[in-house]
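Novice: Sharing data08.tsv below, TSV, C-alpha atoms:
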```tsv
chain	number	residue	atom	x	y	z
L	1	MET	CA	150.61	7.67	65.01
L	2	THR	CA	152.38	10.19	62.81
L	3	ILE	CA	156.12	10.83	62.98
L	4	LYS	CA	157.37	13.98	61.29
L	5	LEU	CA	161.12	14.35	60.73
L	6	LYS	CA	162.45	17.38	58.94
L	7	ASN	CA	166.12	18.34	58.46
L	8	ASN	CA	167.54	16.01	61.14
L	9	THR	CA	171.04	14.54	61.18
L	10	PHE	CA	171.74	11.06	62.54
L	11	VAL	CA	175.42	10.50	63.40
L	12	ASN	CA	177.13	7.39	64.81
L	13	CYS	CA	174.02	5.47	65.79
L	14	GLY	CA	172.70	1.99	65.11
L	15	THR	CA	169.13	3.03	64.33
L	16	GLY	CA	167.94	6.58	63.88
L	17	VAL	CA	164.20	6.04	64.38
L	18	SER	CA	162.33	2.85	65.26
L	19	ALA	CA	158.59	2.89	64.63
L	20	PRO	CA	155.74	0.38	64.29
L	21	GLU	CA	154.62	-0.47	60.76
L	22	SER	CA	151.27	1.24	61.39
L	23	ALA	CA	152.95	4.64	61.89
L	24	ASP	CA	152.79	7.33	59.22
L	25	ILE	CA	156.30	8.69	58.72
L	26	GLU	CA	156.82	12.02	57.04
L	27	ALA	CA	160.53	12.57	56.44
L	28	GLU	CA	162.18	15.39	54.53
L	29	GLY	CA	165.78	16.57	54.28
L	30	ASN	CA	167.24	14.10	56.80
L	31	LYS	CA	170.89	12.99	56.71
L	32	ALA	CA	172.66	9.98	58.21
L	33	PHE	CA	176.42	9.56	58.79
L	34	ASN	CA	177.95	6.34	60.08
L	35	THR	CA	174.46	5.03	60.88
L	36	HIS	CA	173.38	1.43	60.40
L	37	LYS	CA	169.70	2.24	59.65
L	38	MET	CA	167.95	5.57	59.46
L	39	PHE	CA	164.51	3.96	59.90
L	40	ASP	CA	163.57	0.64	61.48
L	41	ILE	CA	159.98	-0.34	60.75
L	42	ARG	CA	159.02	-3.08	63.20
L	43	LYS	CA	155.98	-5.30	63.33
L	44	ASP	CA	153.11	-3.90	65.34
L	45	GLU	CA	152.79	-5.20	68.85
L	46	LYS	CA	149.14	-5.88	68.00
L	47	SER	CA	150.04	-8.20	65.11
L	48	PHE	CA	149.14	-11.20	67.25
L	49	ASN	CA	147.01	-11.74	70.32
L	50	LYS	CA	149.32	-11.76	73.35
L	51	ASP	CA	146.51	-13.17	75.48
L	52	GLU	CA	146.25	-16.23	73.25
L	53	ASP	CA	146.53	-19.38	75.34
L	54	VAL	CA	149.51	-21.64	74.83
L	55	PHE	CA	148.22	-24.46	77.02
L	56	LYS	CA	144.58	-25.44	77.41
L	57	LEU	CA	142.75	-28.09	79.32
L	58	SER	CA	140.15	-29.75	77.17
L	59	PRO	CA	139.19	-33.18	75.92
L	60	GLU	CA	142.27	-33.80	73.81
L	61	PHE	CA	145.28	-36.10	73.92
L	62	TYR	CA	145.67	-36.97	77.61
L	63	GLY	CA	143.44	-34.01	78.53
L	64	MET	CA	145.91	-31.25	77.61
L	65	GLY	CA	146.51	-29.43	74.36
L	66	VAL	CA	149.45	-27.30	73.25
L	67	ASN	CA	149.05	-24.49	70.74
L	68	LEU	CA	152.49	-24.66	69.10
L	69	LYS	CA	151.88	-21.68	66.81
L	70	SER	CA	151.01	-19.43	69.75
L	71	MET	CA	153.96	-20.77	71.75
L	72	TRP	CA	156.36	-20.00	68.89
L	73	LYS	CA	154.98	-16.43	68.55
L	74	LYS	CA	155.49	-15.81	72.29
L	75	ILE	CA	159.04	-17.16	72.18
L	76	LYS	CA	159.86	-15.08	69.08
L	77	SER	CA	158.39	-11.89	70.56
L	78	SER	CA	160.51	-12.24	73.71
L	79	PHE	CA	163.66	-11.91	71.57
L	80	ASN	CA	162.46	-8.83	69.61
```
Output the structure of this file as structure tokens.
Specialist:
Amino acid sequence: MTIKLKNNTFVNCGTGVSAPESADIEAEGNKAFNTHKMFDIRKDEKSFNKDEDVFKLSPEFYGMGVNLKSMWKKIKSSFN
């Protein structure tokens, strides 16, 4: 994805542009007034496997395993 911004003005906003970290951003001559962030580069949605299982049935402790790392990623992503 390519985002091209040329001679834009951001006024009274929290974030001017929010884009994934994989995006190519070409910015030239932009201005921001009373703006918290002109650019917000967020982690890609593909940075972890959303289909990763949190619970699995297999021969483990009492027959059920918990993938704590995957569970934490799912909880964290729900607040982003």
Novice: Could you give me, as a list in words, the residues within 10 Å of L:Met1, counting all atoms listed in the file and dropping anything in the same chain fewer than 5 positions from it?
Specialist: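 Answer for this query is Ala19, Pro20, Ser22, Ala23, Asp24 and Ile25 of chain L.
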Novice: Between atom CA of L:Arg42 and atom CA of L:Ile75, what is the distance in Å, rounded to a tenth?
Specialist: 16.7 Å
Novice: Write out as a ChimeraX atom specification which residues come within 8 Å of stretch 11-13 of chain L when counting all atoms listed in the file, dropping same-chain ones fewer than 2 positions away.
Specialist: /L:9,15-16,32-36
Novice: In Å, how far is it from atom CA of L:Ser18 to atom CA of L:Lys74?
Specialist: 21.1 Å
Novice: Suppose you want the space between atom CA of L:Asp40 and atom CA of L:Met71; what is it in Å?
Specialist: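 Here the two named atoms are 25.6 Å from each other.
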